[in-house]
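Peer 1: Below is the file start.pdb, with PDB, C-alpha atoms.
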```pdb
MODEL        1
ATOM      1  CA  MET T  54      19.187  17.595 -14.379
ATOM      2  CA  SER T  55      17.822  19.078 -17.602
ATOM      3  CA  GLU T  56      19.693  19.433 -20.883
ATOM      4  CA  LYS T  57      18.669  20.839 -24.235
ATOM      5  CA  ARG T  58      19.401  19.093 -27.523
ATOM      6  CA  LYS T  59      18.845  20.298 -31.079
ATOM      7  CA  ILE T  60      16.780  18.166 -33.434
ATOM      8  CA  GLN T  61      18.755  17.191 -36.520
ATOM      9  CA  LEU T  62      17.547  15.883 -39.850
ATOM     10  CA  THR T  63      19.345  12.973 -41.472
ATOM     11  CA  GLY T  64      18.614  11.054 -44.648
ATOM     12  CA  GLY T  65      15.973  13.588 -45.639
ATOM     13  CA  SER T  66      13.231  12.047 -43.467
ATOM     14  CA  THR T  67      14.660  10.982 -40.091
ATOM     15  CA  TYR T  68      14.922  13.272 -37.085
ATOM     16  CA  ILE T  69      17.617  12.454 -34.498
ATOM     17  CA  VAL T  70      18.591  13.792 -31.057
ATOM     18  CA  SER T  71      21.879  12.970 -29.301
ATOM     19  CA  LEU T  72      21.879  11.361 -25.835
ATOM     20  CA  PRO T  73      23.733  12.889 -22.865
ATOM     21  CA  ILE T  74      27.010  11.018 -22.432
ATOM     22  CA  ILE T  75      26.656  10.919 -18.626
ATOM     23  CA  TRP T  76      23.292   9.159 -18.935
ATOM     24  CA  VAL T  77      24.740   6.667 -21.464
ATOM     25  CA  ARG T  78      27.646   5.809 -19.163
ATOM     26  CA  GLN T  79      25.461   5.534 -16.041
ATOM     27  CA  ASN T  80      23.311   2.950 -17.804
ATOM     28  CA  GLY T  81      26.282   1.042 -19.200
ATOM     29  CA  LEU T  82      25.247   1.550 -22.824
ATOM     30  CA  SER T  83      27.476   1.173 -25.850
ATOM     31  CA  PRO T  84      27.097   1.759 -29.607
ATOM     32  CA  GLY T  85      24.639  -0.806 -30.976
ATOM     33  CA  ASP T  86      22.619  -1.068 -27.749
ATOM     34  CA  THR T  87      18.953  -0.104 -27.867
ATOM     35  CA  VAL T  88      16.736   2.244 -25.922
ATOM     36  CA  SER T  89      12.942   2.290 -25.685
ATOM     37  CA  LEU T  90      10.834   5.378 -26.344
ATOM     38  CA  SER T  91       7.497   5.974 -24.668
ATOM     39  CA  VAL T  92       5.183   8.760 -25.873
ATOM     40  CA  LYS T  93       3.227  10.254 -22.956
ATOM     41  CA  SER T  94      -0.197  11.838 -23.027
ATOM     42  CA  ASP T  95       1.283  15.215 -22.003
ATOM     43  CA  ARG T  96       3.341  15.223 -25.244
ATOM     44  CA  SER T  97       6.577  14.327 -23.436
ATOM     45  CA  LEU T  98       8.863  11.477 -24.470
ATOM     46  CA  THR T  99      10.501   9.033 -22.056
ATOM     47  CA  VAL T 100      13.762   7.325 -23.014
ATOM     48  CA  THR T 101      14.585   4.108 -21.131
ATOM     49  CA  ALA T 102      17.702   1.956 -21.426
ATOM     50  CA  ASP T 103      16.949  -1.630 -22.517
ATOM     51  CA  ILE T 104      18.793  -3.509 -19.794
ATOM     52  CA  PRO T 105      18.203  -7.263 -19.472
ATOM     53  CA  PRO T 106      16.288  -8.156 -16.279
ATOM     54  CA  GLU T 107      19.205 -10.096 -14.836
ATOM     55  CA  GLU T 108      21.300  -6.935 -14.903
ATOM     56  CA  LYS T 109      18.686  -4.910 -13.035
ATOM     57  CA  ILE T 110      19.243  -6.549  -9.649
ATOM     58  CA  CYS T 111      19.680  -3.703  -7.167
ATOM     59  CA  ARG T 112      21.729  -4.209  -4.024
ATOM     60  CA  SER T 113      22.064  -2.196  -0.848
ATOM     61  CA  VAL T 114      24.129  -2.432   2.312
ATOM     62  CA  ILE T 115      22.808  -1.246   5.678
ATOM     63  CA  GLU T 116      25.077  -0.855   8.684
ATOM     64  CA  ILE T 117      23.178  -0.779  11.949
ATOM     65  CA  TYR T 118      24.218  -0.516  15.565
ATOM     66  CA  LEU T 119      21.594  -2.476  17.455
ATOM     67  CA  SER T 120      19.882  -0.039  19.795
ATOM     68  CA  GLY T 121      17.806  -2.543  21.705
ATOM     69  CA  ASP T 122      14.659  -1.483  19.846
ATOM     70  CA  GLN T 123      14.204  -4.164  17.202
ATOM     71  CA  GLU T 124      11.403  -2.231  15.466
ATOM     72  CA  ASP T 125      13.796   0.680  14.837
ATOM     73  CA  ASP T 126      16.277  -1.690  13.217
ATOM     74  CA  PHE T 127      13.552  -3.361  11.147
ATOM     75  CA  ARG T 128      12.425   0.015   9.746
ATOM     76  CA  MET T 129      15.829   0.339   8.072
ATOM     77  CA  LEU T 130      15.106  -2.879   6.189
ATOM     78  CA  VAL T 131      11.596  -1.711   5.258
ATOM     79  CA  SER T 132      12.904   1.585   3.868
ATOM     80  CA  ASN T 133      15.286  -0.252   1.521
ATOM     81  CA  TYR T 134      12.550  -2.708   0.515
ATOM     82  CA  LEU T 135      10.234   0.166  -0.421
ATOM     83  CA  VAL T 136      12.898   1.891  -2.504
ATOM     84  CA  GLY T 137      13.095  -1.287  -4.606
ATOM     85  CA  TYR T 138      16.314  -3.062  -3.624
ATOM     86  CA  ASP T 139      16.318  -6.769  -4.534
ATOM     87  CA  ILE T 140      19.201  -7.823  -2.287
ATOM     88  CA  ILE T 141      19.678  -6.116   1.074
ATOM     89  CA  LYS T 142      22.712  -6.847   3.247
ATOM     90  CA  ILE T 143      22.422  -5.840   6.892
ATOM     91  CA  ILE T 144      25.711  -5.498   8.760
ATOM     92  CA  SER T 145      26.026  -5.225  12.531
ATOM     93  CA  PRO T 146      29.666  -4.576  13.527
ATOM     94  CA  ASN T 147      28.904  -5.784  17.047
ATOM     95  CA  GLY T 148      27.219  -8.940  15.776
ATOM     96  CA  PHE T 149      23.661 -10.323  15.949
ATOM     97  CA  THR T 150      22.377 -12.389  18.840
ATOM     98  CA  ALA T 151      20.280 -15.457  18.073
ATOM     99  CA  SER T 152      17.103 -13.627  19.161
ATOM    100  CA  GLU T 153      17.928 -10.618  16.962
ATOM    101  CA  ARG T 154      18.438 -12.822  13.905
ATOM    102  CA  LYS T 155      15.194 -14.662  14.661
ATOM    103  CA  PHE T 156      13.257 -11.391  15.002
ATOM    104  CA  MET T 157      14.588 -10.047  11.697
ATOM    105  CA  ARG T 158      13.872 -13.336   9.903
ATOM    106  CA  ASP T 159      10.355 -13.695  11.296
ATOM    107  CA  ALA T 160       9.462 -10.028  10.828
ATOM    108  CA  ALA T 161      10.639 -10.048   7.195
ATOM    109  CA  ARG T 162       8.582 -13.137   6.349
ATOM    110  CA  LYS T 163       5.553 -11.905   8.251
ATOM    111  CA  ARG T 164       5.463  -8.290   7.098
ATOM    112  CA  LEU T 165       7.214  -8.123   3.703
ATOM    113  CA  ILE T 166       5.939 -10.094   0.713
ATOM    114  CA  GLY T 167       8.586 -12.179  -1.046
ATOM    115  CA  ILE T 168      11.530 -11.379   1.266
ATOM    116  CA  GLU T 169      13.680 -14.233   2.586
ATOM    117  CA  ILE T 170      17.032 -14.453   4.376
ATOM    118  CA  VAL T 171      19.395 -16.219   1.964
ATOM    119  CA  GLU T 172      22.683 -15.850   3.880
ATOM    120  CA  GLU T 173      23.605 -15.181   7.487
ATOM    121  CA  THR T 174      26.730 -14.968   9.613
ATOM    122  CA  GLY T 175      27.418 -13.629  13.061
ATOM    123  CA  THR T 176      27.659 -10.058  11.761
ATOM    124  CA  GLU T 177      25.710 -10.110   8.474
ATOM    125  CA  LEU T 178      22.218 -10.922   7.230
ATOM    126  CA  VAL T 179      21.486 -11.022   3.493
ATOM    127  CA  LEU T 180      17.854 -10.770   2.425
ATOM    128  CA  GLN T 181      16.572 -11.157  -1.112
ATOM    129  CA  SER T 182      13.256 -10.371  -2.781
ATOM    130  CA  LEU T 183      12.164 -13.607  -4.449
ATOM    131  CA  LEU T 184       8.873 -12.238  -5.780
ATOM    132  CA  ASN T 185       8.542 -10.931  -9.325
ATOM    133  CA  TYR T 186       6.241  -8.095  -8.292
ATOM    134  CA  GLN T 187       6.154  -6.835 -11.888
ATOM    135  CA  GLU T 188       3.695  -9.646 -12.648
ATOM    136  CA  ILE T 189       1.226  -8.393 -10.028
ATOM    137  CA  THR T 190      -0.925  -5.482 -11.169
ATOM    138  CA  ILE T 191      -1.681  -2.668  -8.759
ATOM    139  CA  LEU T 192      -5.399  -3.473  -8.954
ATOM    140  CA  LYS T 193      -4.688  -7.106  -8.067
ATOM    141  CA  SER T 194      -2.793  -5.989  -4.967
ATOM    142  CA  MET T 195      -5.650  -3.659  -4.040
ATOM    143  CA  ASN T 196      -8.219  -6.412  -4.570
ATOM    144  CA  SER T 197      -6.224  -8.663  -2.235
ATOM    145  CA  MET T 198      -6.313  -5.929   0.404
ATOM    146  CA  ASP T 199     -10.037  -5.500  -0.250
ATOM    147  CA  ARG T 200     -10.807  -9.183   0.331
ATOM    148  CA  ILE T 201      -8.755  -9.345   3.519
ATOM    149  CA  ILE T 202     -10.249  -6.162   5.003
ATOM    150  CA  SER T 203     -13.815  -7.159   4.070
ATOM    151  CA  SER T 204     -13.427 -10.544   5.752
ATOM    152  CA  MET T 205     -11.817  -8.892   8.780
ATOM    153  CA  LEU T 206     -14.733  -6.480   9.198
ATOM    154  CA  GLU T 207     -17.296  -9.254   8.799
ATOM    155  CA  ASP T 208     -15.569 -11.437  11.394
ATOM    156  CA  ALA T 209     -15.051  -8.488  13.735
ATOM    157  CA  LEU T 210     -18.815  -7.910  13.796
ATOM    158  CA  ILE T 211     -19.462 -11.628  14.388
ATOM    159  CA  SER T 212     -16.960 -11.684  17.245
ATOM    160  CA  LEU T 213     -18.616  -8.579  18.709
ATOM    161  CA  GLU T 214     -22.059 -10.201  18.649
ATOM    162  CA  GLU T 215     -20.911 -13.594  19.929
ATOM    163  CA  HIS T 216     -18.028 -12.355  22.092
ATOM    164  CA  ASP T 217     -15.785 -14.785  20.216
ATOM    165  CA  ILE T 218     -12.316 -13.898  21.521
ATOM    166  CA  GLU T 219     -10.534 -16.447  19.334
ATOM    167  CA  LEU T 220     -12.107 -15.005  16.192
ATOM    168  CA  ALA T 221     -11.317 -11.461  17.308
ATOM    169  CA  ASN T 222      -7.648 -12.373  17.824
ATOM    170  CA  ASP T 223      -7.588 -13.893  14.328
ATOM    171  CA  VAL T 224      -8.887 -10.574  12.933
ATOM    172  CA  ILE T 225      -6.076  -8.768  14.746
ATOM    173  CA  ARG T 226      -3.478 -11.085  13.207
ATOM    174  CA  ARG T 227      -4.872 -10.646   9.704
ATOM    175  CA  ASP T 228      -4.039  -6.948   9.758
ATOM    176  CA  ASP T 229      -0.419  -8.000   9.148
ATOM    177  CA  ASP T 230      -1.535  -9.343   5.736
ATOM    178  CA  VAL T 231      -3.101  -5.975   4.904
ATOM    179  CA  ASP T 232       0.150  -4.234   5.845
ATOM    180  CA  ARG T 233       2.165  -6.644   3.666
ATOM    181  CA  PHE T 234       0.129  -5.820   0.571
ATOM    182  CA  TYR T 235       0.232  -2.121   1.402
ATOM    183  CA  LEU T 236       4.038  -2.133   1.525
ATOM    184  CA  LEU T 237       4.086  -4.120  -1.729
ATOM    185  CA  THR T 238       1.976  -1.453  -3.470
ATOM    186  CA  VAL T 239       4.306   1.294  -2.211
ATOM    187  CA  ARG T 240       7.274  -0.623  -3.657
ATOM    188  CA  GLN T 241       5.426  -1.077  -6.951
ATOM    189  CA  LEU T 242       4.403   2.570  -7.224
ATOM    190  CA  ARG T 243       7.893   3.864  -6.492
ATOM    191  CA  ALA T 244       9.299   1.600  -9.190
ATOM    192  CA  ALA T 245       6.578   2.703 -11.627
ATOM    193  CA  LEU T 246       7.564   6.348 -11.206
ATOM    194  CA  ASP T 247      11.123   5.521 -12.290
ATOM    195  CA  ASP T 248      10.265   3.044 -15.048
ATOM    196  CA  PRO T 249       7.368   3.706 -17.457
ATOM    197  CA  PHE T 250       7.478   0.120 -18.721
ATOM    198  CA  MET T 251       7.194  -1.155 -15.189
ATOM    199  CA  ALA T 252       4.181   1.146 -14.822
ATOM    200  CA  GLN T 253       2.545  -0.439 -17.863
ATOM    201  CA  LYS T 254       3.194  -3.958 -16.532
ATOM    202  CA  ILE T 255       1.388  -3.267 -13.274
ATOM    203  CA  GLY T 256      -1.513  -1.504 -15.001
ATOM    204  CA  ILE T 257      -0.713   2.183 -14.543
ATOM    205  CA  VAL T 258      -1.564   4.125 -17.680
ATOM    206  CA  ARG T 259      -0.658   7.612 -16.441
ATOM    207  CA  SER T 260       2.241   8.311 -14.095
ATOM    208  CA  LYS T 261       0.184  10.896 -12.210
ATOM    209  CA  ASP T 262      -2.187   8.098 -11.166
ATOM    210  CA  CYS T 263       0.565   6.796  -8.878
ATOM    211  CA  LEU T 264      -0.313   9.493  -6.339
ATOM    212  CA  GLY T 265      -3.967   8.492  -6.428
ATOM    213  CA  TYR T 266      -3.182   4.814  -5.922
ATOM    214  CA  ARG T 267      -0.790   5.714  -3.098
ATOM    215  CA  ILE T 268      -3.516   7.646  -1.247
ATOM    216  CA  VAL T 269      -6.100   4.917  -1.838
ATOM    217  CA  THR T 270      -3.901   2.072  -0.595
ATOM    218  CA  LYS T 271      -2.938   4.122   2.469
ATOM    219  CA  SER T 272      -6.642   4.722   3.174
ATOM    220  CA  MET T 273      -7.246   0.977   2.851
ATOM    221  CA  GLU T 274      -4.379   0.256   5.229
ATOM    222  CA  ASN T 275      -5.868   2.741   7.716
ATOM    223  CA  ILE T 276      -9.250   1.014   7.433
ATOM    224  CA  GLY T 277      -7.525  -2.283   8.249
ATOM    225  CA  ASP T 278      -5.995  -0.661  11.339
ATOM    226  CA  HIS T 279      -9.426   0.472  12.534
ATOM    227  CA  VAL T 280     -10.928  -2.973  11.981
ATOM    228  CA  GLN T 281      -8.054  -4.328  14.066
ATOM    229  CA  ARG T 282      -8.946  -1.730  16.717
ATOM    230  CA  ILE T 283     -12.556  -2.949  16.708
ATOM    231  CA  ALA T 284     -11.377  -6.534  17.271
ATOM    232  CA  THR T 285      -9.030  -5.400  20.039
ATOM    233  CA  ASN T 286     -11.959  -3.803  21.857
ATOM    234  CA  VAL T 287     -13.917  -7.040  21.501
ATOM    235  CA  VAL T 288     -11.066  -8.909  23.210
ATOM    236  CA  GLU T 289     -11.071  -6.387  26.063
ATOM    237  CA  MET T 290     -14.861  -6.465  26.583
ATOM    238  CA  ASP T 291     -16.431  -8.582  29.309
ATOM    239  CA  CYS T 292     -19.597  -9.543  27.440
ATOM    240  CA  PRO T 293     -21.181  -9.543  23.942
ATOM    241  CA  VAL T 294     -23.200  -6.652  22.522
ATOM    242  CA  ASP T 295     -26.902  -7.190  21.947
ATOM    243  CA  ARG T 296     -27.503  -8.236  18.334
ATOM    244  CA  ASN T 297     -30.198  -5.534  17.990
ATOM    245  CA  ASP T 298     -27.713  -2.780  18.812
ATOM    246  CA  GLU T 299     -27.395  -0.067  16.132
ATOM    247  CA  ILE T 300     -23.672  -0.692  15.956
ATOM    248  CA  PHE T 301     -24.257  -3.807  13.832
ATOM    249  CA  ARG T 302     -26.367  -1.947  11.290
ATOM    250  CA  LEU T 303     -23.613   0.651  10.939
ATOM    251  CA  GLY T 304     -21.021  -2.099  10.575
ATOM    252  CA  LYS T 305     -22.995  -3.754   7.751
ATOM    253  CA  VAL T 306     -23.332  -0.408   5.981
ATOM    254  CA  ALA T 307     -19.578   0.159   6.330
ATOM    255  CA  GLN T 308     -18.929  -3.281   4.801
ATOM    256  CA  ALA T 309     -21.067  -2.537   1.754
ATOM    257  CA  LEU T 310     -19.677   0.974   1.258
ATOM    258  CA  PHE T 311     -16.094  -0.254   1.479
ATOM    259  CA  ARG T 312     -16.672  -2.878  -1.216
ATOM    260  CA  ASP T 313     -18.389  -0.245  -3.375
ATOM    261  CA  SER T 314     -15.498   2.218  -2.963
ATOM    262  CA  VAL T 315     -12.951  -0.338  -4.210
ATOM    263  CA  GLU T 316     -15.255  -1.217  -7.094
ATOM    264  CA  ALA T 317     -15.479   2.490  -7.953
ATOM    265  CA  MET T 318     -11.693   2.510  -8.421
ATOM    266  CA  SER T 319     -12.043   0.008 -11.263
ATOM    267  CA  GLY T 320     -15.060   1.542 -12.990
ATOM    268  CA  LYS T 321     -14.285   5.208 -12.505
ATOM    269  CA  ASP T 322     -18.015   6.053 -12.488
ATOM    270  CA  PRO T 323     -18.331   9.547 -10.920
ATOM    271  CA  GLN T 324     -22.051   9.212 -10.206
ATOM    272  CA  PHE T 325     -21.495   5.914  -8.379
ATOM    273  CA  ALA T 326     -18.573   7.402  -6.457
ATOM    274  CA  ASN T 327     -20.577  10.493  -5.443
ATOM    275  CA  THR T 328     -23.305   8.259  -4.044
ATOM    276  CA  ILE T 329     -20.678   6.439  -1.967
ATOM    277  CA  ILE T 330     -19.363   9.758  -0.622
ATOM    278  CA  LYS T 331     -22.834  10.912   0.403
ATOM    279  CA  ASN T 332     -23.669   7.621   2.102
ATOM    280  CA  SER T 333     -20.295   7.580   3.845
ATOM    281  CA  LYS T 334     -20.958  11.013   5.308
ATOM    282  CA  LYS T 335     -24.346   9.790   6.542
ATOM    283  CA  LEU T 336     -22.654   6.796   8.148
ATOM    284  CA  SER T 337     -20.033   9.007   9.790
ATOM    285  CA  ASN T 338     -22.674  11.400  11.159
ATOM    286  CA  MET T 339     -24.798   8.536  12.470
ATOM    287  CA  ALA T 340     -21.799   6.933  14.195
ATOM    288  CA  ALA T 341     -20.922  10.292  15.778
ATOM    289  CA  LEU T 342     -24.511  10.784  16.954
ATOM    290  CA  ILE T 343     -24.746   7.344  18.549
ATOM    291  CA  CYS T 344     -21.284   7.787  20.054
ATOM    292  CA  SER T 345     -22.389  11.029  21.747
ATOM    293  CA  ARG T 346     -25.335   9.154  23.270
ATOM    294  CA  GLU T 347     -22.985   6.447  24.537
ATOM    295  CA  CYS T 348     -20.980   9.070  26.430
ATOM    296  CA  GLY T 349     -23.425   8.763  29.301
ATOM    297  CA  GLN T 350     -22.425   5.134  29.890
ATOM    298  CA  ASP T 351     -19.592   4.734  32.375
ATOM    299  CA  SER T 352     -19.373   0.954  32.074
ATOM    300  CA  SER T 353     -16.448  -0.818  30.469
ATOM    301  CA  THR T 354     -18.761  -2.061  27.717
ATOM    302  CA  GLY T 355     -19.915   1.503  27.033
ATOM    303  CA  GLU T 356     -16.317   2.692  26.678
ATOM    304  CA  HIS T 357     -15.438  -0.079  24.229
ATOM    305  CA  LYS T 358     -18.591   0.574  22.224
ATOM    306  CA  ARG T 359     -17.597   4.232  21.904
ATOM    307  CA  ASN T 360     -14.176   3.152  20.646
ATOM    308  CA  ILE T 361     -15.802   0.883  18.059
ATOM    309  CA  LEU T 362     -18.179   3.639  16.926
ATOM    310  CA  GLU T 363     -15.259   6.054  16.562
ATOM    311  CA  SER T 364     -13.486   3.482  14.393
ATOM    312  CA  LEU T 365     -16.593   3.042  12.237
ATOM    313  CA  GLN T 366     -16.740   6.824  11.866
ATOM    314  CA  SER T 367     -13.086   6.905  10.743
ATOM    315  CA  ILE T 368     -13.675   3.986   8.350
ATOM    316  CA  ALA T 369     -16.543   5.945   6.755
ATOM    317  CA  GLU T 370     -14.248   8.946   6.239
ATOM    318  CA  TYR T 371     -11.547   6.832   4.598
ATOM    319  CA  ILE T 372     -14.157   5.219   2.339
ATOM    320  CA  ALA T 373     -15.232   8.701   1.197
ATOM    321  CA  ASP T 374     -11.571   9.530   0.478
ATOM    322  CA  ILE T 375     -11.245   6.435  -1.748
ATOM    323  CA  ALA T 376     -14.402   7.330  -3.667
ATOM    324  CA  GLU T 377     -13.222  10.908  -4.144
ATOM    325  CA  ILE T 378      -9.879   9.741  -5.518
ATOM    326  CA  SER T 379     -11.702   7.487  -7.997
ATOM    327  CA  ILE T 380     -13.470  10.594  -9.333
ATOM    328  CA  ASN T 381     -10.207  12.526  -9.607
ATOM    329  CA  MET T 382      -8.426   9.676 -11.369
ATOM    330  CA  GLY T 383     -11.320   9.243 -13.775
ATOM    331  CA  SER T 384     -11.067  12.814 -15.056
ATOM    332  CA  LYS T 385      -9.924  13.253 -18.633
ATOM    333  CA  GLU T 386      -6.491  14.430 -19.630
ATOM    334  CA  LEU T 387      -5.940  18.166 -19.947
ATOM    335  CA  LYS T 388      -6.108  19.021 -23.639
ATOM    336  CA  ASP T 389      -5.829  22.145 -25.702
ATOM    337  CA  MET T 390      -9.331  23.438 -26.288
ATOM    338  CA  PRO T 391     -10.160  25.839 -29.151
ATOM    339  CA  LEU T 392     -11.248  29.315 -28.079
TER
ENDMDL
END
```
Give the structure from the file, written as structure tokens.
Peer 2:
Amino acid sequence: MSEKRKIQLTGGSTYIVSLPIIWVRQNGLSPGDTVSLSVKSDRSLTVTADIPPEEKICRSVIEIYLSGDQEDDFRMLVSNYLVGYDIIKIISPNGFTASERKFMRDAARKRLIGIEIVEETGTELVLQSLLNYQEITILKSMNSMDRIISSMLEDALISLEEHDIELANDVIRRDDDVDRFYLLTVRQLRAALDDPFMAQKIGIVRSKDCLGYRIVTKSMENIGDHVQRIATNVVEMDCPVDRNDEIFRLGKVAQALFRDSVEAMSGKDPQFANTIIKNSKKLSNMAALICSRECGQDSSTGEHKRNILESLQSIAEYIADIAEISINMGSKELKDMPL
């Protein structure tokens, strides 16, 4: 909704603009309350109601009819978590079984950062976000994802060389931690779009950067999925891969490029990012070339190696995407240039 207001002059030196009454009432404001003004780089002005944090607790109620697919039911909780609700009440008119309550409790703790069940009855579950995610910057969340994914890729290569099934299964489990931080960043970015002061707290200077961070964190989450896929193939293989195989050299290159791509997000150095993109394309082409050679192998090991090479190729492409976004986000603001 857009409304126009005339600028008025009062006291000879102060300019004032009236506030829409609907907006004032929706935010529970009264005469004497304060609002905060934020001047944006595009010459716009954002007006935000100063509401004490304790009054900003957002609640939602979800009514679900258990379909037998617990993942479908859990997605309803995730959608409300991502929107930014602090307290989420799930109601099942037909009641929850003990196994259904256990699944929801375990899944929330395992896959959503800071969410705990605080109340439960036969027909209701109340979950609350206990994490002050405003104190975690977006770069800190990304760095946590970076460390987890880097360690996963390193251990996946070790498990491939040594055929260490236990280590490979640990890599598979760690992908849940990547997903948790990814969902946290989505929650943060959605909140930042609605609240410019929230954006400042988590380190977002320009609101348009939210799209860039969203794409980057999704690319990182996809990389985590492919590392998990590599570990899954290790578990399914019957024997280790020779340590002199080219697949390990490609894996080491992917490790280094991934770390560089995340570093490029912090420095916003276009030359550094362009080098990452070029090297990522070389890695992708090399993985594709080796994969085409592996097509002649009909053994189970050959099939799993092709799967791993395809994942390395996809990882290289996502790394290039991250580097490209760092270039786009590092561009200067559009300004009026003299003719």
Peer 1: Near region 179-193 of chain T, within 10 Å and counting all atoms listed in the file, which residues show up once chain neighbours fewer than 6 positions away are dropped, as a ChimeraX atom specification?
Peer 2: /T:110,112-114,130,134,137-144,157-158,161,165-173,199,234,237-242,244-245,250-257,263,266,270,315,318-319
Peer 1: Counting all atoms listed in the file, what is within 8 Å of Ser364 (chain T), bar same-chain residues fewer than 4 positions away, as an MDAnalysis selection string?
Peer 2: chainID T and resid 279:280 282:283 360 368
Peer 1: Just so the selection is clear, what residues does the PyMOL selection byres ((chain T and resi 148) around 10) cover here, as a VMD selection string?
Peer 2: chain T and resid 117 to 119 144 to 147 149 to 151 153 to 154 174 to 177
Peer 1: Restricting the output to C-alpha atoms, write the selected residues as a PDB file, in the coordinates of the input.
Peer 2:
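File produced: out-v1.pdb:
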```pdb
ATOM      1  CA  ILE T 117      23.178  -0.779  11.949  1.00  0.00           C
ATOM      2  CA  TYR T 118      24.218  -0.516  15.565  1.00  0.00           C
ATOM      3  CA  LEU T 119      21.594  -2.476  17.455  1.00  0.00           C
ATOM      4  CA  ILE T 144      25.711  -5.498   8.760  1.00  0.00           C
ATOM      5  CA  SER T 145      26.026  -5.225  12.531  1.00  0.00           C
ATOM      6  CA  PRO T 146      29.666  -4.576  13.527  1.00  0.00           C
ATOM      7  CA  ASN T 147      28.904  -5.784  17.047  1.00  0.00           C
ATOM      8  CA  PHE T 149      23.661 -10.323  15.949  1.00  0.00           C
ATOM      9  CA  THR T 150      22.377 -12.389  18.840  1.00  0.00           C
ATOM     10  CA  ALA T 151      20.280 -15.457  18.073  1.00  0.00           C
ATOM     11  CA  GLU T 153      17.928 -10.618  16.962  1.00  0.00           C
ATOM     12  CA  ARG T 154      18.438 -12.822  13.905  1.00  0.00           C
ATOM     13  CA  THR T 174      26.730 -14.968   9.613  1.00  0.00           C
ATOM     14  CA  GLY T 175      27.418 -13.629  13.061  1.00  0.00           C
ATOM     15  CA  THR T 176      27.659 -10.058  11.761  1.00  0.00           C
ATOM     16  CA  GLU T 177      25.710 -10.110   8.474  1.00  0.00           C
TER      17      GLU T 177
END
```
Peer 1: Name the residues that the PyMOL selection byres ((chain T and resi 372-378) around 6) pulls out of this structure, and write them as an MDAnalysis selection string.
Peer 2: chainID T and resid 269 311 314 326 330 333 369:371 379:381
Peer 1: If I take CA of His357 (chain T) and CA of Lys163 (chain T), how far is one from the other in Å, to one decimal?
Peer 2: 28.9 Å
Peer 1: Residues picked by the PyMOL selection byres ((chain T and resi 89) around 8) here, as a PyMOL selection string?
Peer 2: chain T and resi 87-88+90-91+100-103
Peer 1: Using the selection just defined, write its residues with C-alpha atoms as an mmCIF file, keeping the file's coordinate frame.
Peer 2:
```cif
data_model
loop_
_atom_site.group_PDB
_atom_site.id
_atom_site.type_symbol
_atom_site.label_atom_id
_atom_site.label_comp_id
_atom_site.auth_asym_id
_atom_site.auth_seq_id
_atom_site.Cartn_x
_atom_site.Cartn_y
_atom_site.Cartn_z
ATOM 1 C CA THR T 87 18.953 -0.104 -27.867
ATOM 2 C CA VAL T 88 16.736 2.244 -25.922
ATOM 3 C CA LEU T 90 10.834 5.378 -26.344
ATOM 4 C CA SER T 91 7.497 5.974 -24.668
ATOM 5 C CA VAL T 100 13.762 7.325 -23.014
ATOM 6 C CA THR T 101 14.585 4.108 -21.131
ATOM 7 C CA ALA T 102 17.702 1.956 -21.426
ATOM 8 C CA ASP T 103 16.949 -1.630 -22.517
#
```
Peer 1: Please identify all polymer residues within 9 Å of Gln366 (chain T), counting only C-alpha atoms, omitting same-chain residues fewer than 6 positions from it, and present them as a list in words.
Peer 2: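 Surrounding residues, per the criterion: Ser333, Lys334, Leu336, Ser337, Asn338, Met339, Ala340 and Ala341 of chain T.
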Peer 1: Just to confirm, what's the straight-line distance from CA of Ala160 (chain T) to CA of Glu124 (chain T) in Å (one decimal)?
Peer 2: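 Atom-to-atom, CA of Ala160 (chain T) and CA of Glu124 (chain T) are spaced 9.3 Å apart.
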Peer 1: Given all atoms listed in the file as the basis, pick out the residue of T:Arg267, T:Arg312, T:Lys358, T:Arg259 nearest to Ser204 (chain T).
Peer 2: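 Of all the options, T:Arg312 lies closest to Ser204 (chain T).
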Peer 1: Just to confirm, what's the straight-line distance from CA of Ser197 (chain T) to CA of Gly265 (chain T) in Å (one decimal)?
Peer 2: 17.8 Å
Peer 1: Give the answer as one residue: which of T:Ile202, T:Leu362, T:Met382, T:Val287 has the shortest atom-to-atom distance to Glu274 (chain T), using only C-alpha atoms?
Peer 2: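 Looking at the shortest contact to Glu274 (chain T), the residue is T:Ile202.
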Peer 1: For region 241-324 of chain T against region 213-216 of chain T, with a cut-off of 7 Å and counting only C-alpha atoms, what is the closest atom pair and its distance in Å to one decimal for every residue that makes the cut, ordered by chain and number, as a Markdown table?
Peer 2:
```
| residue | atom | partner | partner_atom | distance |
| --- | --- | --- | --- | --- |
| T:Val287 | CA | T:Leu213 | CA | 5.7 |
| T:Cys292 | CA | T:His216 | CA | 6.2 |
| T:Pro293 | CA | T:His216 | CA | 4.6 |
| T:Val294 | CA | T:Glu214 | CA | 5.4 |
| T:Asp295 | CA | T:Glu214 | CA | 6.6 |
| T:Arg296 | CA | T:Glu214 | CA | 5.8 |
```
Peer 1: Which residue, T:Ala284, T:Ser384, T:Leu246, T:Arg200, has the smallest gap to Ala221 (chain T) when you use all atoms listed in the file?
Peer 2: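 Nearest to Ala221 (chain T): T:Ala284.
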Peer 1: Between T:Ile75, T:Ala317, T:Leu236, T:Ile69, single out the one closest to Arg128 (chain T), counting only C-alpha atoms.
Peer 2: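 Looking at the shortest contact to Arg128 (chain T), the residue is T:Leu236.
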Peer 1: Take every atom of region 83-88 of chain T listed in the file, fit an axis-aligned box around them, add 4 Å per side, and give the centre and edge lengths in Å to one decimal as JSON.
Peer 2:
```
{"center_x": 22.1, "center_y": 0.6, "center_z": -28.4, "size_x": 18.7, "size_y": 11.3, "size_z": 13.1}
```
